[in-house]
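Source file: model.cif (mmCIF, C-alpha atoms)
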data_data
loop_
_atom_site.group_PDB
_atom_site.id
_atom_site.type_symbol
_atom_site.label_atom_id
_atom_site.label_comp_id
_atom_site.auth_asym_id
_atom_site.auth_seq_id
_atom_site.Cartn_x
_atom_site.Cartn_y
_atom_site.Cartn_z
ATOM 1 C CA MET A 62 96.956 157.889 69.334
ATOM 2 C CA THR A 63 93.461 157.690 67.830
ATOM 3 C CA ASP A 64 91.352 160.843 68.158
ATOM 4 C CA THR A 65 88.341 159.675 70.205
ATOM 5 C CA SER A 66 86.662 163.083 70.367
ATOM 6 C CA ARG A 67 84.944 162.564 67.002
ATOM 7 C CA HIS A 68 83.755 159.050 67.798
ATOM 8 C CA GLU A 69 79.975 158.919 68.165
ATOM 9 C CA PRO A 70 78.458 155.864 69.876
ATOM 10 C CA VAL A 71 75.303 154.474 68.295
ATOM 11 C CA LEU A 72 71.926 154.556 70.049
ATOM 12 C CA LEU A 73 73.412 156.308 73.083
ATOM 13 C CA GLU A 74 70.158 157.792 74.381
ATOM 14 C CA PRO A 75 68.186 154.505 74.182
ATOM 15 C CA VAL A 76 71.119 152.720 75.877
ATOM 16 C CA LEU A 77 71.101 155.180 78.774
ATOM 17 C CA GLU A 78 67.298 155.041 79.029
ATOM 18 C CA LEU A 79 66.920 151.257 78.973
ATOM 19 C CA LEU A 80 70.015 150.299 80.969
ATOM 20 C CA ALA A 81 69.618 153.187 83.449
ATOM 21 C CA PRO A 82 73.056 152.901 85.107
ATOM 22 C CA GLN A 83 72.969 153.931 88.783
ATOM 23 C CA ALA A 84 75.446 155.101 91.406
ATOM 24 C CA GLY A 85 77.703 152.342 92.721
ATOM 25 C CA GLU A 86 76.778 149.774 90.077
ATOM 26 C CA VAL A 87 79.088 147.433 88.158
ATOM 27 C CA VAL A 88 78.905 147.831 84.378
ATOM 28 C CA LEU A 89 80.334 145.264 81.971
ATOM 29 C CA ASP A 90 81.008 146.745 78.537
ATOM 30 C CA CYS A 91 81.794 143.788 76.295
ATOM 31 C CA THR A 92 82.999 145.958 73.401
ATOM 32 C CA VAL A 93 84.385 149.171 74.861
ATOM 33 C CA GLY A 94 85.865 150.279 71.514
ATOM 34 C CA LEU A 95 86.892 153.927 71.671
ATOM 35 C CA GLY A 96 84.934 154.476 74.881
ATOM 36 C CA GLY A 97 81.949 156.353 73.451
ATOM 37 C CA HIS A 98 79.253 154.650 75.507
ATOM 38 C CA ALA A 99 81.627 154.369 78.469
ATOM 39 C CA SER A 100 82.326 158.101 78.687
ATOM 40 C CA ALA A 101 78.581 158.720 79.048
ATOM 41 C CA ILE A 102 77.946 155.871 81.507
ATOM 42 C CA VAL A 103 80.897 156.334 83.897
ATOM 43 C CA PRO A 104 79.575 159.620 85.367
ATOM 44 C CA ARG A 105 76.216 157.938 86.014
ATOM 45 C CA ILE A 106 77.688 155.232 88.277
ATOM 46 C CA ARG A 107 79.485 157.672 90.562
ATOM 47 C CA PRO A 108 80.386 157.405 93.335
ATOM 48 C CA GLY A 109 81.825 153.978 93.895
ATOM 49 C CA GLY A 110 80.849 152.391 90.603
ATOM 50 C CA ARG A 111 83.001 150.042 88.589
ATOM 51 C CA TYR A 112 83.292 149.898 84.804
ATOM 52 C CA VAL A 113 84.793 146.786 83.220
ATOM 53 C CA GLY A 114 85.506 147.222 79.510
ATOM 54 C CA LEU A 115 86.656 144.478 77.147
ATOM 55 C CA ASP A 116 87.938 144.732 73.603
ATOM 56 C CA MET A 117 89.837 142.548 71.140
ATOM 57 C CA ASP A 118 91.579 145.521 69.529
ATOM 58 C CA PRO A 119 94.608 146.583 71.601
ATOM 59 C CA HIS A 120 94.885 149.866 69.681
ATOM 60 C CA ASN A 121 91.315 150.903 70.498
ATOM 61 C CA LEU A 122 91.732 149.696 74.061
ATOM 62 C CA ALA A 123 94.686 152.037 74.527
ATOM 63 C CA ALA A 124 92.678 154.930 73.070
ATOM 64 C CA ALA A 125 89.758 154.125 75.385
ATOM 65 C CA ARG A 126 92.096 154.056 78.391
ATOM 66 C CA GLN A 127 93.424 157.500 77.527
ATOM 67 C CA ARG A 128 89.872 158.825 77.136
ATOM 68 C CA LEU A 129 88.319 157.221 80.221
ATOM 69 C CA THR A 130 91.059 157.577 82.841
ATOM 70 C CA PRO A 131 90.446 161.293 83.527
ATOM 71 C CA VAL A 132 86.665 160.771 83.490
ATOM 72 C CA ALA A 133 86.921 157.910 85.990
ATOM 73 C CA ASP A 134 89.311 159.837 88.242
ATOM 74 C CA LYS A 135 87.020 162.871 88.238
ATOM 75 C CA HIS A 136 83.952 160.867 89.259
ATOM 76 C CA GLY A 137 85.498 158.344 91.638
ATOM 77 C CA VAL A 138 84.762 155.315 89.469
ATOM 78 C CA THR A 139 87.026 152.288 89.061
ATOM 79 C CA VAL A 140 87.696 151.422 85.424
ATOM 80 C CA ASP A 141 89.226 148.095 84.370
ATOM 81 C CA LEU A 142 90.044 147.758 80.664
ATOM 82 C CA VAL A 143 90.963 144.248 79.561
ATOM 83 C CA HIS A 144 92.259 142.938 76.239
ATOM 84 C CA SER A 145 89.787 140.106 75.737
ATOM 85 C CA ASN A 146 87.131 138.687 73.465
ATOM 86 C CA PHE A 147 83.747 138.925 75.171
ATOM 87 C CA ALA A 148 83.475 135.159 74.895
ATOM 88 C CA GLY A 149 85.701 135.215 77.989
ATOM 89 C CA ALA A 150 83.679 137.846 79.853
ATOM 90 C CA LEU A 151 82.661 135.571 82.717
ATOM 91 C CA GLN A 152 86.267 134.523 83.341
ATOM 92 C CA VAL A 153 87.449 138.142 83.188
ATOM 93 C CA LEU A 154 84.963 139.130 85.894
ATOM 94 C CA THR A 155 86.047 136.151 88.000
ATOM 95 C CA ASP A 156 89.714 137.128 87.625
ATOM 96 C CA LEU A 157 88.863 140.680 88.718
ATOM 97 C CA GLY A 158 86.967 139.424 91.749
ATOM 98 C CA VAL A 159 83.636 140.738 90.422
ATOM 99 C CA THR A 160 80.778 138.420 91.374
ATOM 100 C CA CYS A 161 78.188 139.898 89.014
ATOM 101 C CA ALA A 162 77.359 142.841 86.773
ATOM 102 C CA ASN A 163 74.386 145.160 87.266
ATOM 103 C CA VAL A 164 74.528 146.376 83.668
ATOM 104 C CA VAL A 165 75.852 144.611 80.565
ATOM 105 C CA LEU A 166 76.327 146.333 77.223
ATOM 106 C CA ALA A 167 77.671 144.992 73.925
ATOM 107 C CA ASP A 168 77.876 147.048 70.731
ATOM 108 C CA LEU A 169 78.659 144.431 68.095
ATOM 109 C CA GLY A 170 79.588 146.943 65.405
ATOM 110 C CA PHE A 171 82.970 148.344 64.407
ATOM 111 C CA SER A 172 84.605 151.674 65.044
ATOM 112 C CA SER A 173 85.000 153.979 62.073
ATOM 113 C CA ASN A 174 88.767 154.030 62.597
ATOM 114 C CA GLN A 175 88.882 150.246 62.183
ATOM 115 C CA MET A 176 86.964 150.385 58.914
ATOM 116 C CA SER A 177 88.952 153.298 57.487
ATOM 117 C CA ASP A 178 92.369 151.793 58.281
ATOM 118 C CA ALA A 179 93.350 150.008 55.060
ATOM 119 C CA SER A 180 96.002 147.986 56.883
ATOM 120 C CA ARG A 181 93.258 146.170 58.830
ATOM 121 C CA GLY A 182 91.691 144.772 55.655
ATOM 122 C CA LEU A 183 88.124 145.194 56.939
ATOM 123 C CA SER A 184 86.959 147.300 54.022
ATOM 124 C CA PHE A 185 87.327 147.300 50.268
ATOM 125 C CA SER A 186 87.010 151.090 49.987
ATOM 126 C CA SER A 187 90.799 151.244 49.722
ATOM 127 C CA ASP A 188 93.292 148.519 48.896
ATOM 128 C CA GLY A 189 95.167 146.857 51.733
ATOM 129 C CA PRO A 190 96.329 143.491 53.053
ATOM 130 C CA LEU A 191 93.557 140.898 53.332
ATOM 131 C CA ASP A 192 93.766 140.610 57.112
ATOM 132 C CA MET A 193 90.442 141.357 58.928
ATOM 133 C CA ARG A 194 91.707 140.340 62.383
ATOM 134 C CA LEU A 195 90.349 142.600 65.117
ATOM 135 C CA ASP A 196 93.035 141.184 67.375
ATOM 136 C CA PRO A 197 96.381 141.044 65.530
ATOM 137 C CA SER A 198 97.488 138.193 67.793
ATOM 138 C CA LEU A 199 94.901 135.849 66.290
ATOM 139 C CA GLY A 200 96.551 133.178 64.187
ATOM 140 C CA GLN A 201 94.533 133.096 60.969
ATOM 141 C CA SER A 202 93.983 136.102 58.708
ATOM 142 C CA ALA A 203 91.387 136.357 55.952
ATOM 143 C CA ALA A 204 94.149 135.756 53.402
ATOM 144 C CA ASP A 205 95.081 132.528 55.169
ATOM 145 C CA LEU A 206 91.458 131.432 55.059
ATOM 146 C CA VAL A 207 90.827 132.407 51.440
ATOM 147 C CA ASN A 208 93.973 130.697 50.187
ATOM 148 C CA THR A 209 93.728 127.405 52.106
ATOM 149 C CA ILE A 210 90.105 126.444 52.788
ATOM 150 C CA GLY A 211 88.473 123.881 50.502
ATOM 151 C CA GLU A 212 86.051 125.087 47.849
ATOM 152 C CA GLY A 213 82.996 123.460 49.420
ATOM 153 C CA ASP A 214 83.765 124.759 52.900
ATOM 154 C CA LEU A 215 84.445 128.226 51.514
ATOM 155 C CA ALA A 216 81.126 128.279 49.656
ATOM 156 C CA ASP A 217 79.306 127.120 52.781
ATOM 157 C CA ALA A 218 80.963 129.862 54.859
ATOM 158 C CA LEU A 219 80.024 132.583 52.358
ATOM 159 C CA TRP A 220 76.413 131.393 52.398
ATOM 160 C CA ARG A 221 76.081 130.742 56.132
ATOM 161 C CA LEU A 222 77.944 133.792 57.419
ATOM 162 C CA GLY A 223 77.294 136.266 54.615
ATOM 163 C CA GLU A 224 74.039 134.961 53.112
ATOM 164 C CA GLU A 225 75.789 135.354 49.752
ATOM 165 C CA ARG A 226 73.529 133.877 47.055
ATOM 166 C CA LEU A 227 76.411 133.415 44.581
ATOM 167 C CA SER A 228 78.581 131.687 47.182
ATOM 168 C CA ARG A 229 79.413 128.645 45.075
ATOM 169 C CA LYS A 230 80.424 130.663 42.005
ATOM 170 C CA ILE A 231 82.553 132.981 44.132
ATOM 171 C CA ALA A 232 84.234 130.066 45.915
ATOM 172 C CA ALA A 233 85.001 128.357 42.608
ATOM 173 C CA LYS A 234 86.498 131.571 41.216
ATOM 174 C CA ILE A 235 88.639 132.079 44.333
ATOM 175 C CA VAL A 236 90.020 128.541 44.113
ATOM 176 C CA ALA A 237 90.756 128.908 40.394
ATOM 177 C CA VAL A 238 92.577 132.223 40.907
ATOM 178 C CA ARG A 239 94.620 131.108 43.906
ATOM 179 C CA ARG A 240 95.990 128.122 41.976
ATOM 180 C CA ALA A 241 98.037 130.614 39.962
ATOM 181 C CA THR A 242 98.814 133.139 42.703
ATOM 182 C CA PRO A 243 97.600 133.696 46.285
ATOM 183 C CA ILE A 244 94.947 136.352 46.883
ATOM 184 C CA LYS A 245 96.637 138.834 49.228
ATOM 185 C CA THR A 246 94.764 142.151 49.123
ATOM 186 C CA THR A 247 91.259 143.486 49.686
ATOM 187 C CA GLY A 248 91.266 145.004 46.214
ATOM 188 C CA GLU A 249 92.024 141.667 44.552
ATOM 189 C CA LEU A 250 89.222 139.904 46.383
ATOM 190 C CA ALA A 251 86.682 142.683 45.792
ATOM 191 C CA ARG A 252 87.440 142.749 42.045
ATOM 192 C CA LEU A 253 87.101 138.979 41.849
ATOM 193 C CA VAL A 254 83.637 139.043 43.453
ATOM 194 C CA ARG A 255 82.499 141.941 41.271
ATOM 195 C CA GLU A 256 83.548 139.985 38.185
ATOM 196 C CA ILE A 257 81.254 137.149 39.236
ATOM 197 C CA TYR A 258 78.313 139.557 39.518
ATOM 198 C CA GLY A 259 79.138 141.288 36.237
ATOM 199 C CA ARG A 260 76.695 143.955 35.089
ATOM 200 C CA ALA A 261 74.116 142.704 37.597
ATOM 201 C CA GLY A 262 76.390 144.009 40.318
ATOM 202 C CA THR A 263 75.718 147.585 39.239
ATOM 203 C CA ARG A 264 72.010 147.130 39.928
ATOM 204 C CA VAL A 265 72.227 145.925 43.542
ATOM 205 C CA ARG A 266 71.857 148.233 46.562
ATOM 206 C CA ILE A 267 75.201 147.333 48.129
ATOM 207 C CA ASP A 268 78.605 146.602 46.640
ATOM 208 C CA PRO A 269 78.696 142.965 45.421
ATOM 209 C CA ALA A 270 81.741 142.290 47.626
ATOM 210 C CA THR A 271 79.973 143.306 50.855
ATOM 211 C CA ARG A 272 78.592 139.903 51.839
ATOM 212 C CA THR A 273 81.805 138.056 51.034
ATOM 213 C CA PHE A 274 83.805 140.455 53.193
ATOM 214 C CA MET A 275 81.285 140.162 56.020
ATOM 215 C CA ALA A 276 81.416 136.359 55.929
ATOM 216 C CA LEU A 277 85.211 136.256 56.004
ATOM 217 C CA ARG A 278 85.406 138.816 58.831
ATOM 218 C CA ILE A 279 82.925 136.843 60.921
ATOM 219 C CA ALA A 280 84.837 133.628 60.281
ATOM 220 C CA VAL A 281 88.278 135.067 61.028
ATOM 221 C CA ASN A 282 87.183 136.642 64.310
ATOM 222 C CA GLY A 283 84.842 133.850 65.421
ATOM 223 C CA GLU A 284 82.122 136.441 65.941
ATOM 224 C CA LEU A 285 79.051 134.221 66.070
ATOM 225 C CA GLU A 286 80.727 131.657 68.320
ATOM 226 C CA ALA A 287 81.719 134.477 70.690
ATOM 227 C CA LEU A 288 78.164 135.811 70.721
ATOM 228 C CA ASP A 289 76.790 132.347 71.464
ATOM 229 C CA ARG A 290 79.223 132.020 74.393
ATOM 230 C CA LEU A 291 78.269 135.440 75.747
ATOM 231 C CA LEU A 292 74.550 134.701 75.526
ATOM 232 C CA ALA A 293 75.083 131.377 77.277
ATOM 233 C CA ASP A 294 77.027 133.077 80.093
ATOM 234 C CA LEU A 295 74.856 136.158 80.633
ATOM 235 C CA PRO A 296 72.577 134.571 83.252
ATOM 236 C CA ALA A 297 75.723 133.715 85.221
ATOM 237 C CA ILE A 298 77.302 137.114 84.623
ATOM 238 C CA THR A 299 74.238 138.839 86.112
ATOM 239 C CA GLY A 300 73.094 135.955 88.331
ATOM 240 C CA GLU A 301 73.551 137.529 91.762
ATOM 241 C CA SER A 302 72.447 141.018 90.715
ATOM 242 C CA SER A 303 68.782 141.737 91.326
ATOM 243 C CA GLU A 304 67.185 143.501 88.339
ATOM 244 C CA ALA A 305 70.334 143.590 86.199
ATOM 245 C CA ARG A 306 69.879 145.154 82.754
ATOM 246 C CA ILE A 307 71.335 143.841 79.504
ATOM 247 C CA GLY A 308 71.560 145.764 76.218
ATOM 248 C CA LEU A 309 72.918 144.241 73.010
ATOM 249 C CA ILE A 310 73.345 146.215 69.777
ATOM 250 C CA SER A 311 73.491 144.192 66.556
ATOM 251 C CA PHE A 312 74.021 145.228 62.953
ATOM 252 C CA HIS A 313 72.788 142.275 60.928
ATOM 253 C CA SER A 314 70.287 139.429 61.242
ATOM 254 C CA LEU A 315 72.906 136.767 62.039
ATOM 255 C CA GLU A 316 73.512 138.633 65.326
ATOM 256 C CA ASP A 317 69.987 139.859 65.966
ATOM 257 C CA ARG A 318 68.271 136.473 65.656
ATOM 258 C CA PRO A 319 70.186 134.671 68.438
ATOM 259 C CA ILE A 320 69.890 137.737 70.697
ATOM 260 C CA LYS A 321 66.124 137.860 70.224
ATOM 261 C CA ARG A 322 65.857 134.097 70.739
ATOM 262 C CA ALA A 323 67.946 134.111 73.921
ATOM 263 C CA MET A 324 65.948 136.921 75.525
ATOM 264 C CA SER A 325 62.692 135.189 74.629
ATOM 265 C CA VAL A 326 63.912 131.964 76.265
ATOM 266 C CA TRP A 327 64.962 133.810 79.426
ATOM 267 C CA ALA A 328 61.525 135.443 79.568
ATOM 268 C CA ARG A 329 59.793 132.067 79.280
ATOM 269 C CA GLN A 330 62.057 130.706 82.013
ATOM 270 C CA GLY A 331 60.954 133.548 84.246
ATOM 271 C CA ILE A 332 64.458 134.963 84.717
ATOM 272 C CA ALA A 333 64.037 138.034 82.496
ATOM 273 C CA THR A 334 61.616 140.694 81.327
ATOM 274 C CA VAL A 335 62.117 141.865 77.751
ATOM 275 C CA LEU A 336 62.259 145.671 77.634
ATOM 276 C CA THR A 337 62.185 145.921 73.833
ATOM 277 C CA PRO A 338 59.313 143.915 72.270
ATOM 278 C CA LYS A 339 60.574 145.544 69.086
ATOM 279 C CA PRO A 340 64.238 146.563 68.812
ATOM 280 C CA ARG A 341 65.090 150.203 69.321
ATOM 281 C CA MET A 342 66.602 151.793 66.240
ATOM 282 C CA ALA A 343 68.139 155.144 65.419
ATOM 283 C CA ASP A 344 65.805 158.016 64.624
ATOM 284 C CA GLU A 345 66.158 160.104 61.491
ATOM 285 C CA HIS A 346 68.275 162.707 63.249
ATOM 286 C CA GLU A 347 70.836 160.140 64.413
ATOM 287 C CA CYS A 348 70.886 158.393 61.037
ATOM 288 C CA ASN A 349 71.655 161.667 59.300
ATOM 289 C CA ARG A 350 74.334 162.533 61.841
ATOM 290 C CA ASN A 351 75.853 159.053 61.981
ATOM 291 C CA PRO A 352 75.024 156.910 58.906
ATOM 292 C CA ARG A 353 76.495 153.731 60.462
ATOM 293 C CA SER A 354 73.613 153.780 62.960
ATOM 294 C CA ARG A 355 71.040 152.984 60.266
ATOM 295 C CA SER A 356 71.376 149.224 60.634
ATOM 296 C CA ALA A 357 71.816 149.174 64.429
ATOM 297 C CA LYS A 358 69.240 147.345 66.549
ATOM 298 C CA LEU A 359 69.200 147.506 70.334
ATOM 299 C CA ARG A 360 67.486 144.741 72.290
ATOM 300 C CA ALA A 361 67.337 144.952 76.065
ATOM 301 C CA CYS A 362 66.027 142.953 78.987
ATOM 302 C CA ARG A 363 65.941 143.040 82.773
ATOM 303 C CA MET A 364 67.205 139.918 84.506
ATOM 304 C CA HIS A 365 65.692 138.602 87.735
ATOM 305 C CA THR A 366 67.539 136.704 90.428
ATOM 306 C CA ALA A 367 67.010 132.948 90.156
ATOM 307 C CA PRO A 368 68.811 130.460 92.407
ATOM 308 C CA ASP A 369 70.202 128.325 89.586
ATOM 309 C CA THR A 370 71.162 130.966 87.004
ATOM 310 C CA ARG A 371 74.897 130.661 87.587
ATOM 311 C CA HIS A 372 74.771 127.139 86.161
ATOM 312 C CA ASN A 373 72.008 127.512 83.587
ATOM 313 C CA GLY A 374 73.689 129.539 80.859
ATOM 314 C CA ASN A 375 73.457 126.992 78.051
ATOM 315 C CA GLU A 376 69.669 126.831 78.332
ATOM 316 C CA SER A 377 69.435 130.025 76.310
ATOM 317 C CA HIS A 378 70.061 127.962 73.162
ATOM 318 C CA ASP A 379 67.597 125.142 73.659
ATOM 319 C CA THR A 380 65.423 126.533 70.857
#

Exercise: express the given structure as structure tokens:
Amino acid sequence: MTDTSRHEPVLLEPVLELLAPQAGEVVLDCTVGLGGHASAIVPRIRPGGRYVGLDMDPHNLAAARQRLTPVADKHGVTVDLVHSNFAGALQVLTDLGVTCANVVLADLGFSSNQMSDASRGLSFSSDGPLDMRLDPSLGQSAADLVNTIGEGDLADALWRLGEERLSRKIAAKIVAVRRATPIKTTGELARLVREIYGRAGTRVRIDPATRTFMALRIAVNGELEALDRLLADLPAITGESSEARIGLISFHSLEDRPIKRAMSVWARQGIATVLTPKPRMADEHECNRNPRSRSAKLRACRMHTAPDTRHNGNESHDT
């Protein structure tokens, strides 16, 4: 079982400050992970609170269950942990008989154990199978994608999802290589991308393979589509809860932009007050203690009851 004691949730203090969980409230944690945020929030919703945690990774979900069960029992809080993509959050709440959430949290980053496990294929720091699926039950791995998608579509994905400026050269190289033999490992793919960059790759701030890996991971797990669905459903998820609070933690601009846009639209519609005109970010102390927090951005808002919110979710993407 994964050791959760060393797991440090990002931006914990700003999350607790802005979301201010209270006794008896329902909290929806869209990405419970190893239960870092949850273990701090559960005691704050005692007595009678309910914590609903979702995660795509069954391994992390099991670790979170082991960590949270004694905390929940001690404080008299009901905890429901569900193996689900947060795109299905509204349906999960419906299935559980929960009419609305008072607090919603989503940390869109990855746990350190996921990144360090070579068998997951999420990192090129050590060689492993080119998988990248957060949920092993998903059909298509990164290797499937890399070895079957057309060159044009692959280049478009690397540019759109990874903002990779050499997307067309990388896609052409991938297609040329796979004609001889399929690309099966993270090491193979990383070396291929670095070859495209050549000596220029030694002068960039991040490893040349970073954006390609990010694009493939996003594509394999349908991350942006899931975020769009969540944003569309959030007014319904919180619709009957007066003054519900929402906090969303992103790690790159492809996530941050739609979050910022959605909250701005809700504010203009009069159904939300934005609590973070500028995103909250980790201070120097947290960055030194937990380097993965450096790119984290927390945006939060307070939702207001509106009679038609349970049917207005898609309006968050009108602009």

Rank A:Leu277, A:Thr247, A:Val165, A:Thr271 by their smallest atom-to-atom distance to Leu215 (chain A), using only C-alpha atoms, and report the top residue only.
A:Leu277

Near region 224-235 of chain A, within 7 Å and counting only C-alpha atoms, which residues show up once chain neighbours fewer than 2 positions away are dropped, as a PyMOL selection string?
chain A and resi 212+215-216+219-222+237-239+254+257+272-273

As a PDB file with C-alpha atoms, in the coordinates of the input, please: the residues near region 148-161 of chain A (cut-off 6 Å, all atoms listed in the file, same-chain neighbours under 6 positions excluded).
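The resulting around23.pdb:
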ATOM      1  CA  ALA A 287      81.719 134.477  70.690  1.00  0.00           C
ATOM      2  CA  ARG A 290      79.223 132.020  74.393  1.00  0.00           C
ATOM      3  CA  LEU A 291      78.269 135.440  75.747  1.00  0.00           C
ATOM      4  CA  ILE A 298      77.302 137.114  84.623  1.00  0.00           C
ATOM      5  CA  THR A 299      74.238 138.839  86.112  1.00  0.00           C
ATOM      6  CA  GLU A 301      73.551 137.529  91.762  1.00  0.00           C
TER       7      GLU A 301
END

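Proximity to Asp214 (chain A) was assessed for A:Val236, A:Ala167, A:Leu315, A:Val93 counting only C-alpha atoms; the smallest distance is recorded for A:Val236.
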
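Closest approach to Ala125 (chain A) from the set A:Asn208, A:Gln330, A:Ser100, A:Ser186 is made by A:Ser100, with distances taken over all atoms listed in the file.
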
Grab all the atoms of region 125-136 of chain A that the file lists, wrap them in a box along x, y and z, add 5 Å per side, and give me centre plus edge lengths in Å (one decimal) as AutoDock Vina command-line options.
--center_x 88.7 --center_y 158.5 --center_z 82.3 --size_x 19.5 --size_y 18.8 --size_z 23.9

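One distance worth recording is that between CA of Val113 (chain A) and CA of Val87 (chain A), which is 7.6 Å.
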
A straight line from CA of Arg111 (chain A) to CA of Ala343 (chain A) spans 28.0 Å

Starting from the displayed file, determine the output of the PyMOL selection byres ((chain A and resi 78) around 12) and express the residue list as a PyMOL selection string.
chain A and resi 72-77+79-83+101-102+105+306-308+336-337+341+359+361

Would you write out those residues with C-alpha atoms, as a PDB file, in the coordinates of the input?
ATOM      1  CA  LEU A  72      71.926 154.556  70.049  1.00  0.00           C
ATOM      2  CA  LEU A  73      73.412 156.308  73.083  1.00  0.00           C
ATOM      3  CA  GLU A  74      70.158 157.792  74.381  1.00  0.00           C
ATOM      4  CA  PRO A  75      68.186 154.505  74.182  1.00  0.00           C
ATOM      5  CA  VAL A  76      71.119 152.720  75.877  1.00  0.00           C
ATOM      6  CA  LEU A  77      71.101 155.180  78.774  1.00  0.00           C
ATOM      7  CA  LEU A  79      66.920 151.257  78.973  1.00  0.00           C
ATOM      8  CA  LEU A  80      70.015 150.299  80.969  1.00  0.00           C
ATOM      9  CA  ALA A  81      69.618 153.187  83.449  1.00  0.00           C
ATOM     10  CA  PRO A  82      73.056 152.901  85.107  1.00  0.00           C
ATOM     11  CA  GLN A  83      72.969 153.931  88.783  1.00  0.00           C
ATOM     12  CA  ALA A 101      78.581 158.720  79.048  1.00  0.00           C
ATOM     13  CA  ILE A 102      77.946 155.871  81.507  1.00  0.00           C
ATOM     14  CA  ARG A 105      76.216 157.938  86.014  1.00  0.00           C
ATOM     15  CA  ARG A 306      69.879 145.154  82.754  1.00  0.00           C
ATOM     16  CA  ILE A 307      71.335 143.841  79.504  1.00  0.00           C
ATOM     17  CA  GLY A 308      71.560 145.764  76.218  1.00  0.00           C
ATOM     18  CA  LEU A 336      62.259 145.671  77.634  1.00  0.00           C
ATOM     19  CA  THR A 337      62.185 145.921  73.833  1.00  0.00           C
ATOM     20  CA  ARG A 341      65.090 150.203  69.321  1.00  0.00           C
ATOM     21  CA  LEU A 359      69.200 147.506  70.334  1.00  0.00           C
ATOM     22  CA  ALA A 361      67.337 144.952  76.065  1.00  0.00           C
TER      23      ALA A 361
END

List the neighbours of Ala84 (chain A) out to 8 Å using only C-alpha atoms; skip same-chain residues closer than 5 positions along the sequence, and give me the result as a PyMOL selection string.
chain A and resi 105-110

Considering all atoms listed in the file, can you say which of A:Val143, A:Ile332, A:Ala261, A:Met342 comes closest to Ala297 (chain A)?
A:Ile332

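Neighbouring residues of Cys348 (chain A) at 10 Å or closer, counting all atoms listed in the file and skipping chain neighbours under 6 positions away, are Val71, Leu72, Met342, Ser354, Arg355, Ser356 and Ala357 of chain A.
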
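Across the structure, CA of Asp317 (chain A) and CA of Glu284 (chain A) are spaced 12.6 Å apart.
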
Please evaluate the PyMOL selection byres ((chain A and resi 168) around 7) against the structure above and give the resulting residues as a VMD selection string.
chain A and resid 92 166 to 167 169 to 170 309 to 311

Selection from above, C-alpha atoms, as a short mmCIF file (atom, residue, chain, number, x, y, z; two decimals), in the coordinates of the input, can you write it?
data_model
loop_
_atom_site.label_atom_id
_atom_site.label_comp_id
_atom_site.auth_asym_id
_atom_site.auth_seq_id
_atom_site.Cartn_x
_atom_site.Cartn_y
_atom_site.Cartn_z
CA THR A 92 83.00 145.96 73.40
CA LEU A 166 76.33 146.33 77.22
CA ALA A 167 77.67 144.99 73.92
CA LEU A 169 78.66 144.43 68.10
CA GLY A 170 79.59 146.94 65.40
CA LEU A 309 72.92 144.24 73.01
CA ILE A 310 73.34 146.22 69.78
CA SER A 311 73.49 144.19 66.56
#

Counting all atoms listed in the file, the residue among A:Tyr112, A:Glu347, A:Ala280, A:Ala124 that lies closest to Gly96 (chain A) is A:Ala124

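Between Ala204 (chain A) and the residues A:Thr246, A:Ser180, A:Gln175, A:Ser145, the shortest atom-to-atom distance, using only C-alpha atoms, involves A:Thr246.
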
Which residues, named as in the file, does the PyMOL selection byres ((chain A and resi 325) around 12) pick out? Answer as a PDB file with C-alpha atoms, in the frame of the given file.
ATOM      1  CA  LEU A 292      74.550 134.701  75.526  1.00  0.00           C
ATOM      2  CA  ARG A 318      68.271 136.473  65.656  1.00  0.00           C
ATOM      3  CA  PRO A 319      70.186 134.671  68.438  1.00  0.00           C
ATOM      4  CA  ILE A 320      69.890 137.737  70.697  1.00  0.00           C
ATOM      5  CA  LYS A 321      66.124 137.860  70.224  1.00  0.00           C
ATOM      6  CA  ARG A 322      65.857 134.097  70.739  1.00  0.00           C
ATOM      7  CA  ALA A 323      67.946 134.111  73.921  1.00  0.00           C
ATOM      8  CA  MET A 324      65.948 136.921  75.525  1.00  0.00           C
ATOM      9  CA  VAL A 326      63.912 131.964  76.265  1.00  0.00           C
ATOM     10  CA  TRP A 327      64.962 133.810  79.426  1.00  0.00           C
ATOM     11  CA  ALA A 328      61.525 135.443  79.568  1.00  0.00           C
ATOM     12  CA  ARG A 329      59.793 132.067  79.280  1.00  0.00           C
ATOM     13  CA  GLN A 330      62.057 130.706  82.013  1.00  0.00           C
ATOM     14  CA  GLY A 331      60.954 133.548  84.246  1.00  0.00           C
ATOM     15  CA  ILE A 332      64.458 134.963  84.717  1.00  0.00           C
ATOM     16  CA  ALA A 333      64.037 138.034  82.496  1.00  0.00           C
ATOM     17  CA  THR A 334      61.616 140.694  81.327  1.00  0.00           C
ATOM     18  CA  VAL A 335      62.117 141.865  77.751  1.00  0.00           C
ATOM     19  CA  LEU A 336      62.259 145.671  77.634  1.00  0.00           C
ATOM     20  CA  THR A 337      62.185 145.921  73.833  1.00  0.00           C
ATOM     21  CA  PRO A 338      59.313 143.915  72.270  1.00  0.00           C
ATOM     22  CA  LYS A 339      60.574 145.544  69.086  1.00  0.00           C
ATOM     23  CA  ARG A 360      67.486 144.741  72.290  1.00  0.00           C
ATOM     24  CA  ALA A 361      67.337 144.952  76.065  1.00  0.00           C
ATOM     25  CA  CYS A 362      66.027 142.953  78.987  1.00  0.00           C
ATOM     26  CA  ARG A 363      65.941 143.040  82.773  1.00  0.00           C
ATOM     27  CA  MET A 364      67.205 139.918  84.506  1.00  0.00           C
ATOM     28  CA  GLU A 376      69.669 126.831  78.332  1.00  0.00           C
ATOM     29  CA  SER A 377      69.435 130.025  76.310  1.00  0.00           C
ATOM     30  CA  HIS A 378      70.061 127.962  73.162  1.00  0.00           C
ATOM     31  CA  ASP A 379      67.597 125.142  73.659  1.00  0.00           C
ATOM     32  CA  THR A 380      65.423 126.533  70.857  1.00  0.00           C
TER      33      THR A 380
END
